[in-house]
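Pasting my_file.tsv here (TSV, C-alpha atoms):
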```
chain	number	residue	atom	x	y	z
A	1	MET	CA	52.75	-58.11	17.30
A	2	LYS	CA	50.62	-58.33	20.43
A	3	ILE	CA	52.46	-57.90	23.71
A	4	GLU	CA	51.02	-59.43	26.87
A	5	MET	CA	51.81	-58.17	30.33
A	6	GLU	CA	50.61	-58.98	33.80
A	7	SER	CA	50.65	-56.69	36.82
A	8	ILE	CA	53.31	-57.50	39.42
A	9	GLY	CA	51.27	-55.84	42.15
A	10	THR	CA	48.92	-53.00	43.02
A	11	ILE	CA	49.51	-49.40	44.09
A	12	HIS	CA	47.36	-48.19	46.99
A	13	THR	CA	46.91	-44.46	47.55
A	14	GLU	CA	44.40	-41.99	48.96
A	15	PHE	CA	43.24	-40.98	45.48
A	16	LYS	CA	40.02	-42.86	44.80
A	17	GLU	CA	39.12	-40.83	41.71
A	18	ILE	CA	41.01	-38.91	39.05
A	19	GLU	CA	39.46	-35.52	39.73
A	20	GLY	CA	41.43	-33.48	42.24
A	21	MET	CA	44.60	-35.58	42.11
A	22	PRO	CA	48.04	-34.00	41.91
A	23	ILE	CA	49.35	-34.38	38.39
A	24	GLN	CA	53.09	-34.74	39.10
A	25	PRO	CA	55.30	-35.84	42.01
A	26	THR	CA	56.24	-32.19	42.67
A	27	GLY	CA	52.56	-31.57	43.48
A	28	ALA	CA	52.31	-34.67	45.68
A	29	LYS	CA	55.01	-33.95	48.26
A	30	GLY	CA	54.47	-35.86	51.49
A	31	ILE	CA	51.57	-37.92	50.13
A	32	LYS	CA	52.12	-41.55	51.06
A	33	GLY	CA	51.12	-44.79	49.42
A	34	THR	CA	51.83	-48.50	49.50
A	35	VAL	CA	52.76	-50.92	46.77
A	36	GLU	CA	51.60	-54.48	47.34
A	37	ILE	CA	53.68	-56.93	45.36
A	38	LYS	CA	52.27	-60.31	44.34
A	39	ASP	CA	53.79	-63.12	46.43
A	40	LYS	CA	55.46	-64.76	43.46
A	41	TYR	CA	57.53	-61.62	42.78
A	42	VAL	CA	58.54	-60.72	46.36
A	43	ASP	CA	62.08	-62.14	46.03
A	44	GLY	CA	62.70	-59.49	43.36
A	45	LEU	CA	62.59	-56.80	46.09
A	46	LYS	CA	65.90	-57.91	47.69
A	47	ASP	CA	68.15	-54.88	48.34
A	48	LEU	CA	65.56	-52.41	47.07
A	49	LYS	CA	65.45	-50.89	50.59
A	50	ASP	CA	68.94	-49.42	50.03
A	51	PHE	CA	67.55	-46.97	47.45
A	52	SER	CA	65.95	-43.68	48.45
A	53	HIS	CA	63.96	-43.26	45.23
A	54	ILE	CA	62.48	-45.62	42.66
A	55	HIS	CA	60.75	-45.46	39.31
A	56	LEU	CA	57.31	-47.02	39.26
A	57	ILE	CA	56.01	-48.06	35.85
A	58	TYR	CA	52.31	-48.75	35.85
A	59	LEU	CA	49.12	-49.08	33.81
A	60	LEU	CA	46.84	-46.03	33.68
A	61	HIS	CA	43.95	-48.44	34.06
A	62	LYS	CA	41.09	-45.93	34.37
A	63	VAL	CA	41.82	-44.29	31.03
A	64	ASP	CA	39.90	-45.30	27.92
A	65	GLY	CA	41.57	-44.97	24.54
A	66	TYR	CA	44.06	-42.30	23.51
A	67	LYS	CA	44.31	-38.93	21.82
A	68	LEU	CA	47.30	-38.06	19.66
A	69	GLU	CA	47.00	-34.35	20.38
A	70	VAL	CA	46.10	-33.27	23.86
A	71	LYS	CA	45.75	-30.10	25.88
A	72	PRO	CA	47.65	-30.96	29.07
A	73	PHE	CA	46.61	-29.77	32.54
A	74	MET	CA	49.44	-27.25	32.56
A	75	ASP	CA	48.91	-25.58	29.19
A	76	ASN	CA	46.21	-24.12	26.96
A	77	THR	CA	47.48	-25.34	23.61
A	78	ASN	CA	47.58	-28.76	22.01
A	79	HIS	CA	50.74	-30.85	22.01
A	80	GLY	CA	51.51	-34.29	20.64
A	81	VAL	CA	50.77	-36.88	23.31
A	82	PHE	CA	54.42	-38.06	23.31
A	83	ALA	CA	55.48	-34.52	24.24
A	84	THR	CA	53.25	-34.70	27.34
A	85	ARG	CA	52.54	-36.92	30.33
A	86	SER	CA	48.86	-37.14	29.39
A	87	PRO	CA	47.36	-40.46	30.52
A	88	LYS	CA	45.28	-40.78	27.33
A	89	ARG	CA	48.18	-42.35	25.43
A	90	PRO	CA	48.78	-45.51	23.42
A	91	ASN	CA	49.55	-48.41	25.80
A	92	ARG	CA	48.49	-46.28	28.81
A	93	ILE	CA	51.90	-46.56	30.51
A	94	GLY	CA	52.50	-44.23	33.46
A	95	MET	CA	55.81	-43.57	35.19
A	96	SER	CA	56.61	-41.77	38.44
A	97	VAL	CA	59.71	-41.17	40.53
A	98	VAL	CA	58.67	-41.73	44.16
A	99	LYS	CA	60.48	-41.76	47.48
A	100	LEU	CA	60.99	-45.18	49.04
A	101	ASN	CA	60.39	-45.19	52.79
A	102	LYS	CA	60.69	-48.87	53.60
A	103	VAL	CA	60.15	-52.41	52.38
A	104	GLU	CA	58.35	-54.94	54.60
A	105	GLY	CA	57.61	-58.36	53.19
A	106	ASN	CA	55.52	-57.82	50.06
A	107	LYS	CA	54.84	-54.15	50.87
A	108	VAL	CA	56.78	-51.18	49.57
A	109	PHE	CA	56.01	-47.91	51.39
A	110	ILE	CA	56.31	-44.86	49.15
A	111	GLU	CA	55.95	-41.07	49.29
A	112	ASN	CA	55.28	-38.19	46.85
A	113	VAL	CA	52.68	-40.26	45.07
A	114	ASP	CA	50.65	-38.88	42.14
A	115	ILE	CA	49.00	-42.20	41.34
A	116	LEU	CA	45.38	-43.42	41.48
A	117	ASP	CA	44.38	-46.05	44.06
A	118	GLY	CA	44.21	-49.58	42.63
A	119	THR	CA	46.69	-48.92	39.82
A	120	PRO	CA	48.28	-52.11	38.43
A	121	LEU	CA	52.07	-52.01	38.75
A	122	LEU	CA	54.13	-53.26	35.80
A	123	ASP	CA	57.71	-52.70	36.97
A	124	ILE	CA	59.95	-51.13	39.60
A	125	LYS	CA	63.36	-49.76	38.60
A	126	PRO	CA	65.93	-48.13	40.86
A	127	TYR	CA	66.29	-44.37	40.35
A	128	VAL	CA	69.97	-43.90	39.47
A	129	PRO	CA	70.57	-40.67	37.52
A	130	GLN	CA	74.31	-41.40	37.60
A	131	LEU	CA	73.69	-43.89	34.78
A	132	TYR	CA	72.73	-41.17	32.27
A	133	GLU	CA	73.15	-37.67	33.67
A	134	ASP	CA	76.66	-37.21	32.28
A	135	THR	CA	75.14	-37.61	28.80
A	136	ILE	CA	73.06	-34.48	29.38
A	137	ASP	CA	74.96	-31.31	28.60
A	138	GLU	CA	72.20	-28.88	27.78
A	139	LEU	CA	68.63	-29.62	28.74
A	140	LYS	CA	65.63	-28.29	26.81
A	141	ILE	CA	62.15	-29.10	28.12
A	142	GLY	CA	59.98	-27.72	25.33
A	143	TRP	CA	56.61	-26.26	26.33
A	144	PHE	CA	57.25	-27.17	30.00
A	145	GLU	CA	59.89	-24.39	30.13
A	146	THR	CA	57.39	-21.71	31.13
A	147	LYS	CA	54.78	-24.04	32.60
A	148	HIS	CA	56.43	-26.59	34.88
A	149	GLN	CA	55.98	-24.48	38.03
A	150	LYS	CA	52.26	-25.10	37.68
A	151	ALA	CA	52.82	-28.78	38.46
A	152	LYS	CA	53.29	-27.90	42.13
A	153	SER	CA	49.69	-26.82	42.57
A	154	GLN	CA	47.67	-27.89	39.52
A	155	LYS	CA	45.20	-30.69	40.19
A	156	SER	CA	43.66	-33.16	37.79
A	157	ASP	CA	40.18	-32.71	36.36
A	158	ASN	CA	38.03	-34.99	34.21
A	159	ARG	CA	39.41	-34.11	30.80
A	160	PHE	CA	41.23	-37.43	30.37
A	161	LYS	CA	38.46	-39.69	31.65
B	1	MET	CA	44.22	-59.43	34.62
B	2	LYS	CA	45.91	-59.70	31.27
B	3	ILE	CA	47.20	-56.45	29.82
B	4	GLU	CA	47.61	-56.12	26.07
B	5	MET	CA	49.97	-53.69	24.42
B	6	GLU	CA	51.09	-52.99	20.89
B	7	SER	CA	54.34	-51.40	19.79
B	8	ILE	CA	54.07	-47.80	18.58
B	9	GLY	CA	57.21	-48.18	16.49
B	10	THR	CA	60.66	-49.74	16.26
B	11	ILE	CA	64.07	-48.63	17.52
B	12	HIS	CA	66.92	-49.02	15.03
B	13	THR	CA	70.51	-49.08	16.28
B	14	GLU	CA	73.92	-50.50	15.37
B	15	PHE	CA	73.60	-53.24	17.99
B	16	LYS	CA	72.54	-56.38	16.19
B	17	GLU	CA	73.21	-58.69	19.14
B	18	ILE	CA	73.21	-58.37	22.91
B	19	GLU	CA	76.84	-59.36	23.43
B	20	GLY	CA	79.17	-56.37	23.42
B	21	MET	CA	76.48	-53.71	23.81
B	22	PRO	CA	76.85	-50.80	26.22
B	23	ILE	CA	74.67	-51.45	29.25
B	24	GLN	CA	73.67	-47.87	30.12
B	25	PRO	CA	73.39	-44.50	28.32
B	26	THR	CA	76.58	-43.31	30.08
B	27	GLY	CA	78.44	-46.08	28.19
B	28	ALA	CA	76.77	-45.22	24.88
B	29	LYS	CA	77.78	-41.58	24.47
B	30	GLY	CA	77.65	-40.45	20.85
B	31	ILE	CA	76.05	-43.66	19.61
B	32	LYS	CA	73.17	-42.78	17.34
B	33	GLY	CA	69.94	-44.51	16.49
B	34	THR	CA	66.57	-43.91	14.90
B	35	VAL	CA	63.06	-44.50	16.11
B	36	GLU	CA	60.53	-45.27	13.41
B	37	ILE	CA	57.00	-44.50	14.57
B	38	LYS	CA	54.02	-46.26	13.02
B	39	ASP	CA	52.10	-43.95	10.69
B	40	LYS	CA	48.96	-44.00	12.81
B	41	TYR	CA	50.83	-42.52	15.78
B	42	VAL	CA	52.89	-39.83	13.99
B	43	ASP	CA	50.59	-36.97	15.04
B	44	GLY	CA	51.57	-37.73	18.64
B	45	LEU	CA	55.09	-36.42	17.88
B	46	LYS	CA	53.96	-32.78	17.54
B	47	ASP	CA	56.26	-30.45	19.55
B	48	LEU	CA	58.55	-33.31	20.62
B	49	LYS	CA	61.38	-31.61	18.69
B	50	ASP	CA	61.51	-28.86	21.36
B	51	PHE	CA	62.86	-31.32	23.92
B	52	SER	CA	66.56	-32.15	24.15
B	53	HIS	CA	66.07	-35.49	25.93
B	54	ILE	CA	63.31	-38.09	26.04
B	55	HIS	CA	62.47	-41.27	27.90
B	56	LEU	CA	62.00	-44.30	25.68
B	57	ILE	CA	59.99	-47.15	27.17
B	58	TYR	CA	60.37	-50.36	25.22
B	59	LEU	CA	60.04	-54.13	25.22
B	60	LEU	CA	63.23	-56.13	25.88
B	61	HIS	CA	62.07	-58.47	23.14
B	62	LYS	CA	65.09	-60.76	22.95
B	63	VAL	CA	64.91	-61.76	26.59
B	64	ASP	CA	63.21	-65.01	27.59
B	65	GLY	CA	61.58	-65.24	30.99
B	66	TYR	CA	62.80	-63.59	34.19
B	67	LYS	CA	64.92	-64.20	37.27
B	68	LEU	CA	63.95	-62.66	40.62
B	69	GLU	CA	67.56	-62.55	41.79
B	70	VAL	CA	70.24	-61.55	39.33
B	71	LYS	CA	73.93	-60.79	39.25
B	72	PRO	CA	74.08	-57.56	37.24
B	73	PHE	CA	76.86	-56.71	34.78
B	74	MET	CA	78.31	-54.21	37.25
B	75	ASP	CA	78.43	-56.33	40.39
B	76	ASN	CA	79.43	-59.78	41.64
B	77	THR	CA	76.62	-60.37	44.09
B	78	ASN	CA	72.96	-61.13	43.62
B	79	HIS	CA	70.31	-58.43	43.92
B	80	GLY	CA	66.55	-58.50	43.57
B	81	VAL	CA	65.65	-57.83	39.94
B	82	PHE	CA	63.67	-54.69	40.90
B	83	ALA	CA	66.85	-53.26	42.44
B	84	THR	CA	68.61	-53.64	39.06
B	85	ARG	CA	68.15	-52.76	35.40
B	86	SER	CA	68.53	-56.43	34.42
B	87	PRO	CA	66.54	-57.19	31.27
B	88	LYS	CA	65.44	-60.59	32.60
B	89	ARG	CA	62.51	-59.06	34.48
B	90	PRO	CA	58.75	-59.59	34.68
B	91	ASN	CA	57.06	-57.76	31.76
B	92	ARG	CA	60.48	-57.15	30.14
B	93	ILE	CA	60.08	-53.36	30.16
B	94	GLY	CA	63.20	-51.34	29.37
B	95	MET	CA	63.65	-47.61	29.81
B	96	SER	CA	66.38	-45.24	28.63
B	97	VAL	CA	67.00	-41.50	28.68
B	98	VAL	CA	68.34	-40.58	25.23
B	99	LYS	CA	69.26	-37.35	23.51
B	100	LEU	CA	66.83	-36.17	20.83
B	101	ASN	CA	68.60	-34.81	17.75
B	102	LYS	CA	65.69	-34.20	15.42
B	103	VAL	CA	62.24	-35.32	14.33
B	104	GLU	CA	61.50	-35.80	10.62
B	105	GLY	CA	58.11	-37.18	9.63
B	106	ASN	CA	57.77	-40.54	11.37
B	107	LYS	CA	61.48	-40.70	12.32
B	108	VAL	CA	62.99	-39.61	15.63
B	109	PHE	CA	66.78	-39.33	15.56
B	110	ILE	CA	68.38	-40.16	18.91
B	111	GLU	CA	71.82	-40.34	20.54
B	112	ASN	CA	73.43	-42.10	23.54
B	113	VAL	CA	71.57	-45.27	22.72
B	114	ASP	CA	72.04	-48.49	24.73
B	115	ILE	CA	69.24	-50.36	22.96
B	116	LEU	CA	69.19	-53.42	20.69
B	117	ASP	CA	68.28	-53.04	17.01
B	118	GLY	CA	64.67	-53.96	16.25
B	119	THR	CA	63.40	-53.21	19.74
B	120	PRO	CA	59.62	-52.59	19.87
B	121	LEU	CA	58.85	-49.15	21.30
B	122	LEU	CA	55.96	-48.85	23.78
B	123	ASP	CA	56.01	-45.17	24.71
B	124	ILE	CA	57.90	-41.89	24.50
B	125	LYS	CA	57.77	-39.43	27.38
B	126	PRO	CA	59.47	-36.05	27.60
B	127	TYR	CA	62.42	-35.94	30.01
B	128	VAL	CA	61.49	-33.19	32.49
B	129	PRO	CA	63.31	-33.61	35.82
B	130	GLN	CA	61.73	-30.35	37.01
B	131	LEU	CA	58.52	-32.33	37.60
B	132	TYR	CA	60.03	-34.38	40.44
B	133	GLU	CA	63.55	-33.28	41.35
B	134	ASP	CA	62.41	-30.95	44.13
B	135	THR	CA	60.99	-34.02	45.89
B	136	ILE	CA	64.50	-35.48	46.13
B	137	ASP	CA	66.40	-34.19	49.13
B	138	GLU	CA	68.89	-36.93	49.77
B	139	LEU	CA	69.59	-39.56	47.15
B	140	LYS	CA	70.72	-43.11	47.98
B	141	ILE	CA	71.48	-45.45	45.11
B	142	GLY	CA	72.05	-48.73	46.97
B	143	TRP	CA	74.60	-51.12	45.47
B	144	PHE	CA	75.23	-48.74	42.55
B	145	GLU	CA	76.99	-46.36	45.00
B	146	THR	CA	80.39	-47.98	44.50
B	147	LYS	CA	79.70	-49.54	41.09
B	148	HIS	CA	78.04	-46.99	38.82
B	149	GLN	CA	81.32	-45.78	37.35
B	150	LYS	CA	81.61	-49.18	35.69
B	151	ALA	CA	78.63	-48.34	33.49
B	152	LYS	CA	80.84	-46.08	31.39
B	153	SER	CA	82.91	-48.96	30.04
B	154	GLN	CA	81.21	-52.24	30.93
B	155	LYS	CA	79.74	-54.09	27.95
B	156	SER	CA	76.99	-56.66	27.87
B	157	ASP	CA	77.67	-60.38	27.68
B	158	ASN	CA	75.33	-63.32	27.23
B	159	ARG	CA	74.24	-63.82	30.81
B	160	PHE	CA	70.72	-62.52	30.24
B	161	LYS	CA	70.05	-64.27	26.96
```

Could you quickly redo this structure as structure tokens?
Amino acid sequence: MKIEMESIGTIHTEFKEIEGMPIQPTGAKGIKGTVEIKDKYVDGLKDLKDFSHIHLIYLLHKVDGYKLEVKPFMDNTNHGVFATRSPKRPNRIGMSVVKLNKVEGNKVFIENVDILDGTPLLDIKPYVPQLYEDTIDELKIGWFETKHQKAKSQKSDNRFK
Amino acid sequence: MKIEMESIGTIHTEFKEIEGMPIQPTGAKGIKGTVEIKDKYVDGLKDLKDFSHIHLIYLLHKVDGYKLEVKPFMDNTNHGVFATRSPKRPNRIGMSVVKLNKVEGNKVFIENVDILDGTPLLDIKPYVPQLYEDTIDELKIGWFETKHQKAKSQKSDNRFK
């Protein structure tokens, strides 16, 4: 079954190449960007301005192919790609929680952006942890447990090109 | 730009039709399901078992077309589709945080599942709020502010068929 999608807009940021980018929102604090929504989808932005944070779902368009086991930026051992946020993944879907500063016409102004310039946007969803957080009693984050602090400073390199 | 994707597996649940389904994980507590991953992607599951919760990203395959303004299950007024989790959205991408019970071969056993049986899976990502939660100082959740409690009991109807 082939699934066809079309971008609903484009994400503009200061990151023109993968090398040197922050790899997670926690490493991208204060970095601003803009989402430009295609005219035909602008009416879908109604009331989005009332949210402080949104999920962006996008295509990791600069990545070629995938690897099922990867050594992520934050660790020195291999993990299954679905246990990582590695961009070299089947379907190349990326997801970030970003701060929403304002909405003006077809432009959405965002902050804490760990996304490459020119990235095709697939979807925006409101960030509402109230819809699931009471289902989380005990949280285990696997190999990130001892590594996640690195996300604040670790930058991207060319390993996933 | 046309974007092609292919499912990496299928989500199996007790929900054979949209009507009567829980609409959010908070309304699906204890409801179990299984994800069956295609053989060629099974190696990507390595180390996933060490996580207690995962993001599933999937195709809302039973939905036809989209509406830019929708009246969600939890409210009586229209909102832009990107300010809702309405399934009638461009690209029909769904996303849920579910509990991970175990991984056996190509099967991932999950809980708190608000997903239709037979849903094509596009991606699995580990649920690691540590990677972004320190970028969230003040959270505003728009129209959900006074409505999100409804997600615990509200069931789906046929409005998005």

A:Glu104 surroundings by all atoms listed in the file, 10 Å radius, close-in-sequence under 5 positions cut, as a ChimeraX atom specification: /A:36,45,49,109

Using the selection just defined, write its residues with C-alpha atoms as an mmCIF file, in the coordinates of the input.
```cif
data_model
loop_
_atom_site.group_PDB
_atom_site.id
_atom_site.type_symbol
_atom_site.label_atom_id
_atom_site.label_comp_id
_atom_site.auth_asym_id
_atom_site.auth_seq_id
_atom_site.Cartn_x
_atom_site.Cartn_y
_atom_site.Cartn_z
ATOM 1 C CA GLU A 36 51.600 -54.480 47.340
ATOM 2 C CA LEU A 45 62.590 -56.800 46.090
ATOM 3 C CA LYS A 49 65.450 -50.890 50.590
ATOM 4 C CA PHE A 109 56.010 -47.910 51.390
#
```

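Checking B:Lys107, B:His79, B:Lys32, B:Arg85 one by one against A:Ile54, counting only C-alpha atoms, you find the shortest gap at B:Arg85.
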
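For the choices B:Gly118, B:Pro87, B:Gly80, B:Gly9, the atom-to-atom distance to chain A is smallest for B:Gly80 when using all atoms listed in the file.
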
Distance in Å - atom CA of A:Gly44 versus atom CA of B:Glu69: 6.0 Å

Computed interatomic separation between atom CA of A:Phe51 and atom CA of B:Thr146 (Å): 13.2 Å

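The coordinates place atom CA of B:Glu6 at 8.7 Å from atom CA of B:Leu121.
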
Residues within 10 Å of B:Ser153, all atoms listed in the file, excluding chain neighbours under 2 positions, as a ChimeraX atom specification: /B:22-24,26-28,149-151,155-156

Would you pick out the contacts of A:Asp50 at 10 Å or less, using only C-alpha atoms, so that residues sharing its chain but fewer than 2 positions from it are not included, and give the list as an mmCIF file with C-alpha atoms, in the frame of the given file?
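Done, and the output landed in around23.cif:
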```cif
data_model
loop_
_atom_site.group_PDB
_atom_site.id
_atom_site.type_symbol
_atom_site.label_atom_id
_atom_site.label_comp_id
_atom_site.auth_asym_id
_atom_site.auth_seq_id
_atom_site.Cartn_x
_atom_site.Cartn_y
_atom_site.Cartn_z
ATOM 1 C CA LYS A 46 65.900 -57.910 47.690
ATOM 2 C CA ASP A 47 68.150 -54.880 48.340
ATOM 3 C CA LEU A 48 65.560 -52.410 47.070
ATOM 4 C CA SER A 52 65.950 -43.680 48.450
ATOM 5 C CA HIS A 53 63.960 -43.260 45.230
ATOM 6 C CA LEU A 100 60.990 -45.180 49.040
ATOM 7 C CA ASN A 101 60.390 -45.190 52.790
ATOM 8 C CA LYS A 102 60.690 -48.870 53.600
ATOM 9 C CA VAL A 103 60.150 -52.410 52.380
ATOM 10 C CA PRO A 126 65.930 -48.130 40.860
ATOM 11 C CA ALA B 83 66.850 -53.260 42.440
ATOM 12 C CA LYS B 140 70.720 -43.110 47.980
ATOM 13 C CA ILE B 141 71.480 -45.450 45.110
ATOM 14 C CA GLY B 142 72.050 -48.730 46.970
ATOM 15 C CA TRP B 143 74.600 -51.120 45.470
ATOM 16 C CA PHE B 144 75.230 -48.740 42.550
ATOM 17 C CA GLU B 145 76.990 -46.360 45.000
#
```

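Minimum atom-to-atom distances from B:His55, B:Lys38, B:Lys2, B:His12 to chain A were compared using all atoms listed in the file, and the lowest value belongs to B:Lys2.
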
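With only C-alpha atoms as the atoms that count, the residue of B:Phe15, B:Tyr41, B:Phe73, B:Phe82 with the shortest distance to B:Lys152 is B:Phe73.
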
Output, as lines of an AutoDock Vina configuration file, the centre and edge lengths in Å (one decimal) of the axis-aligned box that contains all listed atoms of stretch 101-113 of chain B with 8 Å of margin on each side.
```
center_x = 65.6
center_y = -39.7
center_z = 16.6
size_x = 31.7
size_y = 27.1
size_z = 29.9
```

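The point (62.0, -60.8, 23.7) has these residues within 10 Å of it, counting only C-alpha atoms: Ile3 of chain A; Leu59, Leu60, His61, Lys62, Val63, Asp64, Gly65, Pro87, Lys88, Asn91, Arg92, Thr119, Pro120 and Lys161 of chain B.
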
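Using only C-alpha atoms, the smallest distance between any of B:Met95, B:Leu116, B:Ile57, B:Leu139 and chain A comes from B:Leu139.
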
Of the listed residues B:Tyr58, B:Ile18, B:Asp75, B:Thr13, that which approaches B:Lys147 most closely, counting all atoms listed in the file: B:Asp75
